[in-house]
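Structure first, commentary second.
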Amino acid sequence: MIKGQARVDLASTGAARGSQVAVSEPVTSVNTPPGQPCTPALAAVQRIVAAHAQQAGALLPILHAIQAELGHIPPDTVQAIADGLNLSRAEVHGVITFYPHFHQTPRGRHVIELCQAESCQAMGSEKLTQHVRKKLGCDLHGSSPDGNYTLEPVYCLGLCAQSPAMLVNGVPYARLTPKRFDKILGYVTEAAE
Ligand code: FES
């Protein structure tokens with residue numbers, strides 16, 4: 001590699017297997033894409049991109065940092081990320097959408113991940129999911145109207161012996177019933193107040 005040349009390794013992301021994209025000039029600042037107002041979110045993204053752009057395989061650390069700071073990766077900042085790394089918008093979008101961990105819409109204050117895999121299904125997760133959707137007022141992949149809860153499906157949490165199971169803000173809960181779910185939701189909501 002030419003001295004002073006930064007590389008973005010997409011191979012490990014699965015989005016562009018086996019390929020490496022060379023950035024011809026080290027990036028020290030990121031411009032606002034033409035015609036786009038510089039919102040606080042875009043300014044944060046530009047700062048994060050500039051901070052990581054010279055690191056090898058910068059895209060994933062950048063996406064993690066953006067999501068950690070903003071809670072999601074706003075779609076209108078994808079162009080700035082692409083420009084900062086000398087990638088195409090499609091390449092960045094491909095990586096964001098490849099990993100379920102990355103989100104392009106704001107998430108609720110509490111994230112509920114409800115298992116939909118076989119063992120949980122056999123133990124009533126379908127009925128439980130219907131109850132949870134009704135209780136939160138949103139569908140899977142959605143957020144409650146008050147923005148407090150995001151409901152996501154997951155496919156096995158390794159708690160099959162105690163199905164059905166879920167994570168709430170990363171904390172596992174098992175042997176769920178609609179009644180037990182309501183109780184847990186009550187604790188979680190109360191603890192956050
Ligand atoms: S199938 Fe739900 S925890 Fe394994």
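Chain labels follow the order of the structure tokens: the first chain is A, the next B, and so on; residue numbering restarts at 1 in every chain, and ligands are counted from 1 in their shown order.
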Counting only C-alpha atoms and all ligand atoms, which residues of chain A sit at most 10 Å from some atom of ligand 1, and what is each one's closest atom pair with its distance in Å to one decimal, listed by chain and rising residue number, as CSV?
```
residue,atom,partner,partner_atom_place_in_ligand_line,distance
A:Leu114,CA,ligand 1,2 (Fe),8.2
A:Cys115,CA,ligand 1,2 (Fe),4.7
A:Gln116,CA,ligand 1,2 (Fe),6.2
A:Ala117,CA,ligand 1,1 (S),4.2
A:Glu118,CA,ligand 1,1 (S),5.0
A:Ser119,CA,ligand 1,1 (S),4.1
A:Cys120,CA,ligand 1,2 (Fe),4.3
A:Gln121,CA,ligand 1,1 (S),7.2
A:Ala122,CA,ligand 1,1 (S),8.6
A:Met123,CA,ligand 1,2 (Fe),9.0
A:Ser125,CA,ligand 1,2 (Fe),8.4
A:Val154,CA,ligand 1,2 (Fe),8.0
A:Tyr155,CA,ligand 1,1 (S),6.3
A:Cys156,CA,ligand 1,4 (Fe),3.6
A:Leu157,CA,ligand 1,3 (S),4.1
A:Gly158,CA,ligand 1,3 (S),4.7
A:Leu159,CA,ligand 1,3 (S),4.0
A:Cys160,CA,ligand 1,4 (Fe),3.7
A:Ala161,CA,ligand 1,4 (Fe),7.5
A:Gln162,CA,ligand 1,3 (S),7.3
A:Ser163,CA,ligand 1,2 (Fe),5.7
A:Pro164,CA,ligand 1,2 (Fe),5.7
A:Ala165,CA,ligand 1,3 (S),5.5
A:Met166,CA,ligand 1,3 (S),7.6
A:Leu167,CA,ligand 1,3 (S),10.0
A:Pro172,CA,ligand 1,3 (S),9.7
A:Tyr173,CA,ligand 1,3 (S),9.9
A:Ala174,CA,ligand 1,3 (S),8.2
A:Arg175,CA,ligand 1,3 (S),9.9
```
I need the chosen residues saved as a CSV table (one decimal), in the first residue's frame, with N, CA and C atoms.
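Written file, result17.csv:
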```
chain,number,residue,atom,x,y,z
A,114,LEU,N,-38.2,-10.3,21.2
A,114,LEU,CA,-39.0,-11.4,21.5
A,114,LEU,C,-38.7,-12.6,20.6
A,115,CYS,N,-38.4,-13.7,21.2
A,115,CYS,CA,-37.9,-14.9,20.4
A,115,CYS,C,-39.1,-15.5,19.6
A,116,GLN,N,-38.8,-15.7,18.4
A,116,GLN,CA,-39.8,-16.3,17.4
A,116,GLN,C,-39.4,-17.6,16.9
A,117,ALA,N,-38.3,-18.2,17.5
A,117,ALA,CA,-37.8,-19.5,16.9
A,117,ALA,C,-38.6,-20.7,17.4
A,118,GLU,N,-38.2,-21.9,16.9
A,118,GLU,CA,-39.0,-23.1,17.1
A,118,GLU,C,-39.4,-23.4,18.5
A,119,SER,N,-38.4,-23.4,19.4
A,119,SER,CA,-38.7,-23.9,20.8
A,119,SER,C,-39.7,-22.9,21.4
A,120,CYS,N,-39.5,-21.6,21.2
A,120,CYS,CA,-40.4,-20.7,21.8
A,120,CYS,C,-41.8,-20.7,21.1
A,121,GLN,N,-41.8,-21.0,19.8
A,121,GLN,CA,-43.1,-21.2,19.1
A,121,GLN,C,-43.8,-22.3,19.8
A,122,ALA,N,-43.1,-23.4,20.0
A,122,ALA,CA,-43.8,-24.6,20.6
A,122,ALA,C,-44.3,-24.3,22.0
A,123,MET,N,-43.8,-23.3,22.6
A,123,MET,CA,-44.2,-23.0,24.0
A,123,MET,C,-45.1,-21.8,24.0
A,125,SER,N,-45.1,-18.8,21.9
A,125,SER,CA,-44.6,-17.4,21.6
A,125,SER,C,-45.5,-16.7,20.6
A,154,VAL,N,-36.4,-11.9,17.5
A,154,VAL,CA,-35.1,-12.6,17.5
A,154,VAL,C,-35.3,-14.1,17.3
A,155,TYR,N,-34.2,-14.7,16.9
A,155,TYR,CA,-34.4,-16.1,16.5
A,155,TYR,C,-33.4,-17.0,17.3
A,156,CYS,N,-33.9,-17.3,18.5
A,156,CYS,CA,-33.2,-18.1,19.6
A,156,CYS,C,-32.2,-17.3,20.4
A,157,LEU,N,-32.4,-17.3,21.6
A,157,LEU,CA,-31.6,-16.6,22.6
A,157,LEU,C,-30.8,-17.6,23.4
A,158,GLY,N,-30.8,-18.9,23.0
A,158,GLY,CA,-30.1,-19.9,23.8
A,158,GLY,C,-30.8,-20.2,25.1
A,159,LEU,N,-32.1,-19.8,25.2
A,159,LEU,CA,-32.9,-20.1,26.4
A,159,LEU,C,-34.0,-21.1,26.2
A,160,CYS,N,-33.7,-22.0,25.2
A,160,CYS,CA,-34.8,-22.8,24.7
A,160,CYS,C,-35.5,-23.7,25.8
A,161,ALA,N,-34.6,-24.1,26.8
A,161,ALA,CA,-35.2,-24.9,27.9
A,161,ALA,C,-36.1,-24.1,28.7
A,162,GLN,N,-36.1,-22.8,28.6
A,162,GLN,CA,-37.0,-22.0,29.4
A,162,GLN,C,-37.9,-21.1,28.5
A,163,SER,N,-38.3,-21.6,27.4
A,163,SER,CA,-39.1,-20.9,26.4
A,163,SER,C,-40.5,-20.6,27.0
A,164,PRO,N,-41.1,-19.6,26.5
A,164,PRO,CA,-40.6,-18.6,25.5
A,164,PRO,C,-39.8,-17.5,26.3
A,165,ALA,N,-38.9,-16.9,25.5
A,165,ALA,CA,-37.9,-16.0,26.1
A,165,ALA,C,-37.8,-14.7,25.4
A,166,MET,N,-37.3,-13.7,26.0
A,166,MET,CA,-37.1,-12.4,25.4
A,166,MET,C,-35.9,-11.7,26.1
A,167,LEU,N,-35.4,-10.6,25.4
A,167,LEU,CA,-34.5,-9.7,26.1
A,167,LEU,C,-35.2,-8.3,26.2
A,172,PRO,N,-32.0,-10.9,29.8
A,172,PRO,CA,-32.9,-12.0,29.4
A,172,PRO,C,-34.0,-12.3,30.4
A,173,TYR,N,-35.2,-12.6,29.9
A,173,TYR,CA,-36.3,-13.1,30.7
A,173,TYR,C,-36.9,-14.3,30.0
A,174,ALA,N,-37.2,-15.3,30.9
A,174,ALA,CA,-37.7,-16.6,30.3
A,174,ALA,C,-39.0,-17.1,30.9
A,175,ARG,N,-39.5,-18.2,30.4
A,175,ARG,CA,-40.8,-18.8,30.9
A,175,ARG,C,-41.9,-17.7,30.9
```
Residues near Ala90 (chain A), anyone? I mean within 10 Å using only C-alpha atoms, not counting same-chain ones fewer than 5 positions away, as a VMD selection string.
chain A and resid 78 to 79 82 95 to 96
Generate the output file for the selected residues, N, CA and C atoms, as a PDB file, in the first residue's frame.
```
ATOM      1  N   VAL A  78     -26.095   8.909   5.132  1.00  0.00           N
ATOM      2  CA  VAL A  78     -25.350   7.842   4.442  1.00  0.00           C
ATOM      3  C   VAL A  78     -24.407   8.421   3.384  1.00  0.00           C
ATOM      4  N   GLN A  79     -24.875   9.459   2.686  1.00  0.00           N
ATOM      5  CA  GLN A  79     -24.027  10.060   1.648  1.00  0.00           C
ATOM      6  C   GLN A  79     -22.749  10.650   2.255  1.00  0.00           C
ATOM      7  N   ALA A  82     -20.389   7.881   3.024  1.00  0.00           N
ATOM      8  CA  ALA A  82     -19.796   7.386   1.775  1.00  0.00           C
ATOM      9  C   ALA A  82     -18.729   8.353   1.265  1.00  0.00           C
ATOM     10  N   VAL A  95     -23.875  -2.317   3.724  1.00  0.00           N
ATOM     11  CA  VAL A  95     -23.336  -2.775   5.013  1.00  0.00           C
ATOM     12  C   VAL A  95     -24.353  -2.517   6.133  1.00  0.00           C
ATOM     13  N   ILE A  96     -24.977  -1.356   6.100  1.00  0.00           N
ATOM     14  CA  ILE A  96     -25.960  -1.030   7.155  1.00  0.00           C
ATOM     15  C   ILE A  96     -27.097  -2.051   7.146  1.00  0.00           C
TER      16      ILE A  96
END
```
Restricting the calculation to only C-alpha atoms, which member of A:Pro37, A:Gly94, A:Gly137, A:Gly147 is positioned closest to His110 (chain A)?
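Looking at the shortest contact to His110 (chain A), the residue is A:Gly147.
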Residue nearest Gly124 (chain A) - candidates A:Thr177, A:Thr189, A:Gln55, A:Thr77, atoms counted: only C-alpha atoms
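Selected residue with least distance to Gly124 (chain A): A:Thr177.
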Using DSSP secondary structure from the backbone, list all helix (DSSP H, G or I) positions within region 85-138 of chain A, as JSON, numbers by chain.
{"A": [85, 89, 90, 91, 92, 93, 94, 95, 96, 97, 98, 118, 119, 120, 121, 122, 125, 126, 127, 128, 129, 130, 131, 132, 133, 134, 135, 136]}
Shell around His141 (chain A) at 9 Å using only C-alpha atoms, local window under 3 positions removed, as an NGL selection string
:A and (138 or 150-153)
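Listed by chain and then by rising number, the residues of region 67-153 of chain A that DSSP assigns to strand (DSSP E or B) from the backbone are His110, Val111, Ile112, Glu113, Leu114, Cys115, Gly142, Ser143, Tyr149, Thr150, Leu151, Glu152 and Pro153 of chain A.
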Write the selection just made, keeping N, CA, C and O atoms, as a short mmCIF file (atom, residue, chain, number, x, y, z; two decimals), in the first residue's frame?
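selection-v1.cif, written as the output of this step:
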```
data_model
loop_
_atom_site.label_atom_id
_atom_site.label_comp_id
_atom_site.auth_asym_id
_atom_site.auth_seq_id
_atom_site.Cartn_x
_atom_site.Cartn_y
_atom_site.Cartn_z
N HIS A 110 -36.86 1.65 25.39
CA HIS A 110 -36.64 0.26 25.79
C HIS A 110 -36.79 -0.63 24.55
O HIS A 110 -37.76 -0.50 23.82
N VAL A 111 -35.84 -1.54 24.39
CA VAL A 111 -35.89 -2.44 23.24
C VAL A 111 -36.24 -3.84 23.73
O VAL A 111 -35.54 -4.42 24.56
N ILE A 112 -37.35 -4.35 23.21
CA ILE A 112 -37.82 -5.69 23.58
C ILE A 112 -37.57 -6.62 22.39
O ILE A 112 -38.08 -6.38 21.30
N GLU A 113 -36.78 -7.65 22.63
CA GLU A 113 -36.48 -8.62 21.57
C GLU A 113 -37.15 -9.93 21.94
O GLU A 113 -36.76 -10.59 22.90
N LEU A 114 -38.17 -10.26 21.20
CA LEU A 114 -39.02 -11.40 21.53
C LEU A 114 -38.69 -12.58 20.62
O LEU A 114 -38.73 -12.46 19.40
N CYS A 115 -38.37 -13.73 21.24
CA CYS A 115 -37.92 -14.87 20.44
C CYS A 115 -39.09 -15.47 19.63
O CYS A 115 -40.18 -15.70 20.17
N GLY A 142 -41.43 -2.52 14.96
CA GLY A 142 -42.00 -1.19 15.13
C GLY A 142 -41.76 -0.66 16.53
O GLY A 142 -41.17 -1.32 17.39
N SER A 143 -42.24 0.56 16.75
CA SER A 143 -42.13 1.19 18.07
C SER A 143 -43.50 1.61 18.55
O SER A 143 -44.39 1.92 17.74
N TYR A 149 -41.11 2.09 23.50
CA TYR A 149 -40.71 0.69 23.29
C TYR A 149 -40.52 0.39 21.81
O TYR A 149 -41.32 0.82 20.98
N THR A 150 -39.47 -0.37 21.54
CA THR A 150 -39.28 -0.92 20.20
C THR A 150 -39.37 -2.43 20.32
O THR A 150 -38.79 -3.02 21.25
N LEU A 151 -40.13 -3.04 19.43
CA LEU A 151 -40.34 -4.50 19.48
C LEU A 151 -39.64 -5.15 18.29
O LEU A 151 -39.93 -4.82 17.14
N GLU A 152 -38.71 -6.04 18.59
CA GLU A 152 -37.96 -6.72 17.52
C GLU A 152 -38.08 -8.23 17.68
O GLU A 152 -38.08 -8.73 18.81
N PRO A 153 -38.17 -8.97 16.56
CA PRO A 153 -38.11 -10.43 16.65
C PRO A 153 -36.65 -10.87 16.77
O PRO A 153 -35.77 -10.22 16.21
#
```
For Lys134 (chain A), list every protein, DNA or RNA residue within 12 Å, evaluated using only C-alpha atoms, and leave out those in the same chain fewer than 3 positions away; present the list as a list of chain:residue names.
A:Lys127, A:Leu128, A:Thr129, A:Gln130, A:His131, A:Gly137, A:Cys138, A:Asp139, A:Leu140, A:Ser143, A:Ser144, A:Pro145, A:Leu151, A:Pro178, A:Asp182
Of the candidates A:Leu85, A:Arg47, A:Gly170, A:Ile184, which one gets nearest to Glu69 (chain A) if we count only C-alpha atoms?
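Nearest candidate to Glu69 (chain A) out of A:Leu85, A:Arg47, A:Gly170, A:Ile184: A:Arg47.
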Here is a test: counting only C-alpha atoms, which residue of A:Ile81, A:Leu70, A:Leu59, A:Ala51 is nearest to Arg107 (chain A)?
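That would be A:Leu70, the residue with the smallest distance to Arg107 (chain A).
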Please report the interatomic distance between CA of Pro74 (chain A) and CA of His103 (chain A) in Å with one decimal.
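We find that CA of Pro74 (chain A) and CA of His103 (chain A) lie 8.3 Å from each other.
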Neighbour list for Gln46 (chain A) as a PDB file with N, CA, C and O atoms, in the first residue's frame, cut-off 7 Å, only C-alpha atoms, skip fewer than 3 positions in-chain:
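Full text of around_39.pdb as output:
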```pdb
ATOM      1  N   VAL A  30     -14.974  16.166   6.647  1.00  0.00           N
ATOM      2  CA  VAL A  30     -15.991  15.652   5.724  1.00  0.00           C
ATOM      3  C   VAL A  30     -16.934  16.782   5.383  1.00  0.00           C
ATOM      4  O   VAL A  30     -17.461  17.452   6.264  1.00  0.00           O
ATOM      5  N   LEU A  42     -26.111  15.364  11.170  1.00  0.00           N
ATOM      6  CA  LEU A  42     -25.111  15.310  10.096  1.00  0.00           C
ATOM      7  C   LEU A  42     -23.759  15.803  10.612  1.00  0.00           C
ATOM      8  O   LEU A  42     -22.710  15.234  10.290  1.00  0.00           O
ATOM      9  N   ALA A  43     -23.790  16.842  11.447  1.00  0.00           N
ATOM     10  CA  ALA A  43     -22.530  17.351  12.009  1.00  0.00           C
ATOM     11  C   ALA A  43     -21.859  16.274  12.859  1.00  0.00           C
ATOM     12  O   ALA A  43     -20.635  16.096  12.807  1.00  0.00           O
ATOM     13  N   VAL A  49     -16.924  10.457  11.281  1.00  0.00           N
ATOM     14  CA  VAL A  49     -16.239   9.949  10.080  1.00  0.00           C
ATOM     15  C   VAL A  49     -14.811  10.494  10.026  1.00  0.00           C
ATOM     16  O   VAL A  49     -13.852   9.745   9.797  1.00  0.00           O
ATOM     17  N   ALA A  50     -14.660  11.797  10.272  1.00  0.00           N
ATOM     18  CA  ALA A  50     -13.317  12.390  10.213  1.00  0.00           C
ATOM     19  C   ALA A  50     -12.392  11.765  11.256  1.00  0.00           C
ATOM     20  O   ALA A  50     -11.197  11.578  11.012  1.00  0.00           O
ATOM     21  N   ALA A  80     -22.891  11.283   3.414  1.00  0.00           N
ATOM     22  CA  ALA A  80     -21.715  11.887   4.061  1.00  0.00           C
ATOM     23  C   ALA A  80     -20.724  10.803   4.488  1.00  0.00           C
ATOM     24  O   ALA A  80     -19.502  10.990   4.381  1.00  0.00           O
TER      25      ALA A  80
END
```
